[in-house]
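Engineer: Please see the structure below; I have some questions.
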Amino acid sequence: MPHPRRRGTALRQRLAELRGPDVPAKALDARALAALAANPGCARRAVLDGAGVDKTRLADALGSPSAFGQSQFALTRGNAFEARVKADGGAELLRLAHRKLDPRSAPPEEGRVPDLSAAGPQGRAARTALALREAVEAGGWTLLDHPMLALDVAGSPAFLEPDAVVVHPDGSWTVVEIKSFPMLDGSADPAKVGAAARQAAVYVLALEEVAARLEPAPRVRHRILLVCPKDFSNLPAASAVDVRKQRAVTRRQLARLTRIEEIVDALPEGTCFSPELPAAELTAAVEAVPAAYAPECLSACELAFHCRARSRAQSAVASLGRAARAELGGLTTVGDVLAAARGESGDPDDPVVAALRRAARLRAQALDAVADGPDRGTGVPGQEGGGAPARHGAGAPAQEAAPCR
């Protein structure tokens, strides 16, 4: 068995080759990691994210530009709001954390904000871990502004940067998410809050790995602090969000991810995802990695349009949604489904095939009933043959029924 360090070095070198010569790696953030965990069966996204491939540039090179991502205006507004929240050494942020999460502790009269600067993501992650340990030992309130956390994802380290982490006087840790969407009358858009909770759950998992290396291990709180603009102003409002469910789901899904080494070893020799390659060669490289497309990918992945076009070209049932894919069992294409419904293929004892054939019979009977209805050729329901047309008001001609389409 190869030495773990040598094996890890070889994997990093192989991922760099997949990314392309002199192509910098794109950091895997918590948003992308949460989307990856929501679709653990997609080997394509796992290897592209693991290699640090810029999927936006890749989608452009494939001829399927991505419409996924935040606008520049939203990013600018979010950065301005975050700077306001963290002004004066994070005094307002610590006050919100005290009021919403830890009101029984001493008020944060003066919080500590340690310097987390270091060389490279590995150095910043080590500096963050040291700052967390020092904050626990010192007691009181401490605010870590943009700390760096490391999380193992399918055998490859992912470096994550939450907006902030608060260390409480009792030594416990809280993840802080700062968002630019408004909190109206104390509540925000549930869909946006859910997305923030899934993103924060990734940070909680990474913090738990840091805490596990300390003795005794500090407590990572399962309620995160969500900070948003209050109503339509630029004043901060906060809410405590329980992320235990999102944390459990994310942890389970990340555990299901195939290890990146296995995916890389199965790729043809010389595979490369550099956007500088010719379109045909790049398409062949991307298609060498199996994907698990679903309509939900359109709101979470930059390659969704490319994968959707390929899925539709193959008449894959997955393009209809995960629910339809699960209901149809081993029938993976629309052609297979139609053939089974017509009785041309499939095991009659298969419950899925039996249900399709019964549905086809019911549909045929319904169409026959419409075509051969009792009022066909007559204006009076139930009267066979010719007859006087039914009248709609005095002298009004009867309207013909629309043809069945």
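Letters A, B, ... go to the chains of the structure tokens in the order shown; residues in each chain start at 1; ligands are counted from 1 in the same order.
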Counting only C-alpha atoms, what is within 12 Å of Lys192 in chain A, bar same-chain residues fewer than 5 positions away, as a PyMOL selection string?
Structural biologist: chain A and resi 177+179-183+187+197-199+226+228
Engineer: So which residues of range 260-355 of chain A fall under helix (DSSP H, G or I) by DSSP, listed as a PyMOL selection string?
Structural biologist: chain A and resi 260-265+279-287+295-299+304-313+317-320+322-327+334-341+351-355
Engineer: Save out the residues we just selected, N, CA and C atoms, as a compact mmCIF listing (two decimals), in the first residue's frame.
Structural biologist:
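Result saved to part.txt:
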# COMPACT_ATOMS: atom_id res chain seq x y z
N ILE A 260 -12.85 10.32 -5.02
CA ILE A 260 -12.39 10.93 -6.26
C ILE A 260 -11.30 10.07 -6.92
N GLU A 261 -10.48 9.38 -6.10
CA GLU A 261 -9.45 8.52 -6.69
C GLU A 261 -10.06 7.48 -7.62
N GLU A 262 -11.20 6.90 -7.22
CA GLU A 262 -11.83 5.87 -8.04
C GLU A 262 -12.33 6.44 -9.36
N ILE A 263 -12.88 7.64 -9.33
CA ILE A 263 -13.37 8.26 -10.56
C ILE A 263 -12.21 8.60 -11.48
N VAL A 264 -11.14 9.16 -10.91
CA VAL A 264 -9.99 9.56 -11.71
C VAL A 264 -9.32 8.35 -12.34
N ASP A 265 -9.20 7.27 -11.58
CA ASP A 265 -8.54 6.07 -12.11
C ASP A 265 -9.32 5.46 -13.28
N ALA A 279 -13.41 22.22 -28.97
CA ALA A 279 -14.72 21.87 -28.42
C ALA A 279 -14.99 20.37 -28.47
N ALA A 280 -14.63 19.73 -29.58
CA ALA A 280 -14.90 18.30 -29.71
C ALA A 280 -14.10 17.49 -28.69
N GLU A 281 -12.84 17.84 -28.52
CA GLU A 281 -12.00 17.12 -27.54
C GLU A 281 -12.49 17.37 -26.12
N LEU A 282 -12.89 18.60 -25.83
CA LEU A 282 -13.38 18.93 -24.50
C LEU A 282 -14.70 18.22 -24.21
N THR A 283 -15.58 18.14 -25.20
CA THR A 283 -16.85 17.44 -25.02
C THR A 283 -16.62 15.97 -24.74
N ALA A 284 -15.68 15.36 -25.45
CA ALA A 284 -15.37 13.95 -25.21
C ALA A 284 -14.83 13.73 -23.81
N ALA A 285 -14.01 14.66 -23.33
CA ALA A 285 -13.47 14.53 -21.98
C ALA A 285 -14.57 14.62 -20.93
N VAL A 286 -15.49 15.57 -21.11
CA VAL A 286 -16.59 15.73 -20.14
C VAL A 286 -17.51 14.51 -20.18
N GLU A 287 -17.80 14.01 -21.38
CA GLU A 287 -18.70 12.86 -21.49
C GLU A 287 -18.07 11.58 -20.95
N PRO A 295 -33.66 18.00 -13.14
CA PRO A 295 -34.05 19.41 -13.32
C PRO A 295 -33.58 20.32 -12.19
N GLU A 296 -33.39 19.77 -10.98
CA GLU A 296 -32.92 20.59 -9.87
C GLU A 296 -31.52 21.14 -10.11
N CYS A 297 -30.77 20.52 -11.02
CA CYS A 297 -29.41 20.99 -11.30
C CYS A 297 -29.41 22.39 -11.92
N LEU A 298 -30.52 22.79 -12.54
CA LEU A 298 -30.56 24.08 -13.22
C LEU A 298 -30.32 25.24 -12.25
N SER A 299 -30.64 25.05 -10.99
CA SER A 299 -30.46 26.12 -10.00
C SER A 299 -29.24 25.90 -9.13
N ALA A 304 -25.45 22.64 -16.01
CA ALA A 304 -26.79 22.06 -16.09
C ALA A 304 -27.34 22.08 -17.51
N PHE A 305 -27.13 23.17 -18.26
CA PHE A 305 -27.67 23.26 -19.62
C PHE A 305 -27.03 22.22 -20.53
N HIS A 306 -25.73 22.01 -20.39
CA HIS A 306 -25.04 21.00 -21.19
C HIS A 306 -25.57 19.60 -20.85
N CYS A 307 -25.67 19.30 -19.57
CA CYS A 307 -26.13 17.98 -19.16
C CYS A 307 -27.60 17.76 -19.54
N ARG A 308 -28.40 18.81 -19.49
CA ARG A 308 -29.80 18.67 -19.87
C ARG A 308 -29.92 18.35 -21.36
N ALA A 309 -29.14 19.02 -22.19
CA ALA A 309 -29.19 18.75 -23.62
C ALA A 309 -28.79 17.31 -23.92
N ARG A 310 -27.76 16.82 -23.23
CA ARG A 310 -27.33 15.44 -23.44
C ARG A 310 -28.38 14.46 -22.95
N SER A 311 -28.99 14.77 -21.82
CA SER A 311 -30.03 13.89 -21.27
C SER A 311 -31.24 13.81 -22.19
N ARG A 312 -31.63 14.95 -22.74
CA ARG A 312 -32.77 14.95 -23.66
C ARG A 312 -32.42 14.24 -24.96
N ALA A 313 -31.20 14.40 -25.44
CA ALA A 313 -30.80 13.73 -26.68
C ALA A 313 -30.83 12.21 -26.52
N VAL A 317 -35.00 9.23 -18.86
CA VAL A 317 -36.12 9.50 -17.96
C VAL A 317 -35.72 10.49 -16.89
N ALA A 318 -34.43 10.53 -16.54
CA ALA A 318 -33.97 11.43 -15.47
C ALA A 318 -34.26 12.89 -15.80
N SER A 319 -34.36 13.23 -17.09
CA SER A 319 -34.65 14.62 -17.45
C SER A 319 -36.05 15.03 -17.05
N LEU A 320 -36.91 14.08 -16.69
CA LEU A 320 -38.26 14.38 -16.22
C LEU A 320 -38.31 14.64 -14.72
N ARG A 322 -36.30 13.54 -10.61
CA ARG A 322 -35.90 12.40 -9.80
C ARG A 322 -37.09 11.54 -9.39
N ALA A 323 -38.25 12.17 -9.18
CA ALA A 323 -39.43 11.40 -8.78
C ALA A 323 -39.84 10.43 -9.88
N ALA A 324 -39.89 10.92 -11.13
CA ALA A 324 -40.25 10.04 -12.24
C ALA A 324 -39.20 8.94 -12.42
N ARG A 325 -37.93 9.31 -12.27
CA ARG A 325 -36.85 8.31 -12.40
C ARG A 325 -37.00 7.22 -11.36
N ALA A 326 -37.33 7.58 -10.14
CA ALA A 326 -37.48 6.58 -9.09
C ALA A 326 -38.70 5.69 -9.31
N GLU A 327 -39.79 6.26 -9.82
CA GLU A 327 -41.01 5.50 -10.04
C GLU A 327 -40.85 4.47 -11.15
N VAL A 334 -37.16 7.10 -22.33
CA VAL A 334 -38.57 7.26 -22.68
C VAL A 334 -39.01 6.17 -23.65
N GLY A 335 -38.12 5.75 -24.55
CA GLY A 335 -38.43 4.65 -25.47
C GLY A 335 -38.74 3.37 -24.73
N ASP A 336 -37.96 3.06 -23.69
CA ASP A 336 -38.22 1.86 -22.89
C ASP A 336 -39.59 1.94 -22.22
N VAL A 337 -39.94 3.12 -21.72
CA VAL A 337 -41.22 3.30 -21.05
C VAL A 337 -42.38 3.09 -22.02
N LEU A 338 -42.30 3.70 -23.21
CA LEU A 338 -43.38 3.56 -24.19
C LEU A 338 -43.50 2.13 -24.70
N ALA A 339 -42.36 1.47 -24.91
CA ALA A 339 -42.40 0.08 -25.36
C ALA A 339 -43.03 -0.83 -24.31
N ALA A 340 -42.71 -0.58 -23.05
CA ALA A 340 -43.31 -1.38 -21.98
C ALA A 340 -44.80 -1.13 -21.88
N ALA A 341 -45.22 0.13 -22.07
CA ALA A 341 -46.65 0.45 -22.00
C ALA A 341 -47.43 -0.18 -23.14
N PRO A 351 -44.08 -4.82 -11.40
CA PRO A 351 -45.15 -3.87 -11.02
C PRO A 351 -45.12 -2.59 -11.85
N VAL A 352 -43.93 -2.11 -12.21
CA VAL A 352 -43.84 -0.89 -13.00
C VAL A 352 -44.43 -1.12 -14.39
N VAL A 353 -44.03 -2.23 -15.02
CA VAL A 353 -44.55 -2.54 -16.35
C VAL A 353 -46.06 -2.76 -16.30
N ALA A 354 -46.54 -3.47 -15.29
CA ALA A 354 -47.98 -3.71 -15.16
C ALA A 354 -48.75 -2.40 -15.01
N ALA A 355 -48.21 -1.48 -14.21
CA ALA A 355 -48.88 -0.20 -14.02
C ALA A 355 -48.90 0.61 -15.31
Engineer: With only C-alpha atoms as the basis for distance, which of A:Leu257, A:Ala46, A:Val289, A:Ala34 is at the shortest distance from Cys272 in chain A?
Structural biologist: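 Of A:Leu257, A:Ala46, A:Val289, A:Ala34, the one nearest Cys272 in chain A, counting only C-alpha atoms, is A:Val289.
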Engineer: Write out as a PyMOL selection string each polymer residue whose atoms come within 8 Å of Val176 in chain A, counting only C-alpha atoms; drop sequence neighbours fewer than 4 positions from it.
Structural biologist: chain A and resi 162-166+200+224-227
Engineer: Based on the selection just made, write N, CA and C atoms of those residues as a PDB file, in the first residue's frame.
Structural biologist:
ATOM      1  N   PRO A 162     -16.290  30.531   5.943  1.00  0.00           N
ATOM      2  CA  PRO A 162     -17.549  31.125   6.402  1.00  0.00           C
ATOM      3  C   PRO A 162     -17.399  32.628   6.607  1.00  0.00           C
ATOM      4  N   ASP A 163     -18.530  33.312   6.677  1.00  0.00           N
ATOM      5  CA  ASP A 163     -18.497  34.756   6.903  1.00  0.00           C
ATOM      6  C   ASP A 163     -17.852  35.081   8.249  1.00  0.00           C
ATOM      7  N   ALA A 164     -18.190  34.305   9.271  1.00  0.00           N
ATOM      8  CA  ALA A 164     -17.616  34.538  10.605  1.00  0.00           C
ATOM      9  C   ALA A 164     -17.919  33.343  11.489  1.00  0.00           C
ATOM     10  N   VAL A 165     -17.131  33.214  12.531  1.00  0.00           N
ATOM     11  CA  VAL A 165     -17.364  32.237  13.601  1.00  0.00           C
ATOM     12  C   VAL A 165     -17.235  32.978  14.920  1.00  0.00           C
ATOM     13  N   VAL A 166     -18.216  32.798  15.806  1.00  0.00           N
ATOM     14  CA  VAL A 166     -18.210  33.435  17.124  1.00  0.00           C
ATOM     15  C   VAL A 166     -17.853  32.390  18.171  1.00  0.00           C
ATOM     16  N   ALA A 200     -24.632  26.705   5.700  1.00  0.00           N
ATOM     17  CA  ALA A 200     -24.064  26.774   7.051  1.00  0.00           C
ATOM     18  C   ALA A 200     -23.800  25.392   7.623  1.00  0.00           C
ATOM     19  N   ILE A 224     -27.237  28.289  14.085  1.00  0.00           N
ATOM     20  CA  ILE A 224     -26.352  29.291  13.493  1.00  0.00           C
ATOM     21  C   ILE A 224     -27.030  30.655  13.574  1.00  0.00           C
ATOM     22  N   LEU A 225     -26.239  31.700  13.428  1.00  0.00           N
ATOM     23  CA  LEU A 225     -26.769  33.062  13.457  1.00  0.00           C
ATOM     24  C   LEU A 225     -26.884  33.565  12.021  1.00  0.00           C
ATOM     25  N   LEU A 226     -28.117  33.793  11.572  1.00  0.00           N
ATOM     26  CA  LEU A 226     -28.374  34.331  10.242  1.00  0.00           C
ATOM     27  C   LEU A 226     -28.628  35.826  10.366  1.00  0.00           C
ATOM     28  N   VAL A 227     -27.802  36.631   9.705  1.00  0.00           N
ATOM     29  CA  VAL A 227     -27.896  38.091   9.780  1.00  0.00           C
ATOM     30  C   VAL A 227     -28.304  38.618   8.411  1.00  0.00           C
TER      31      VAL A 227
END
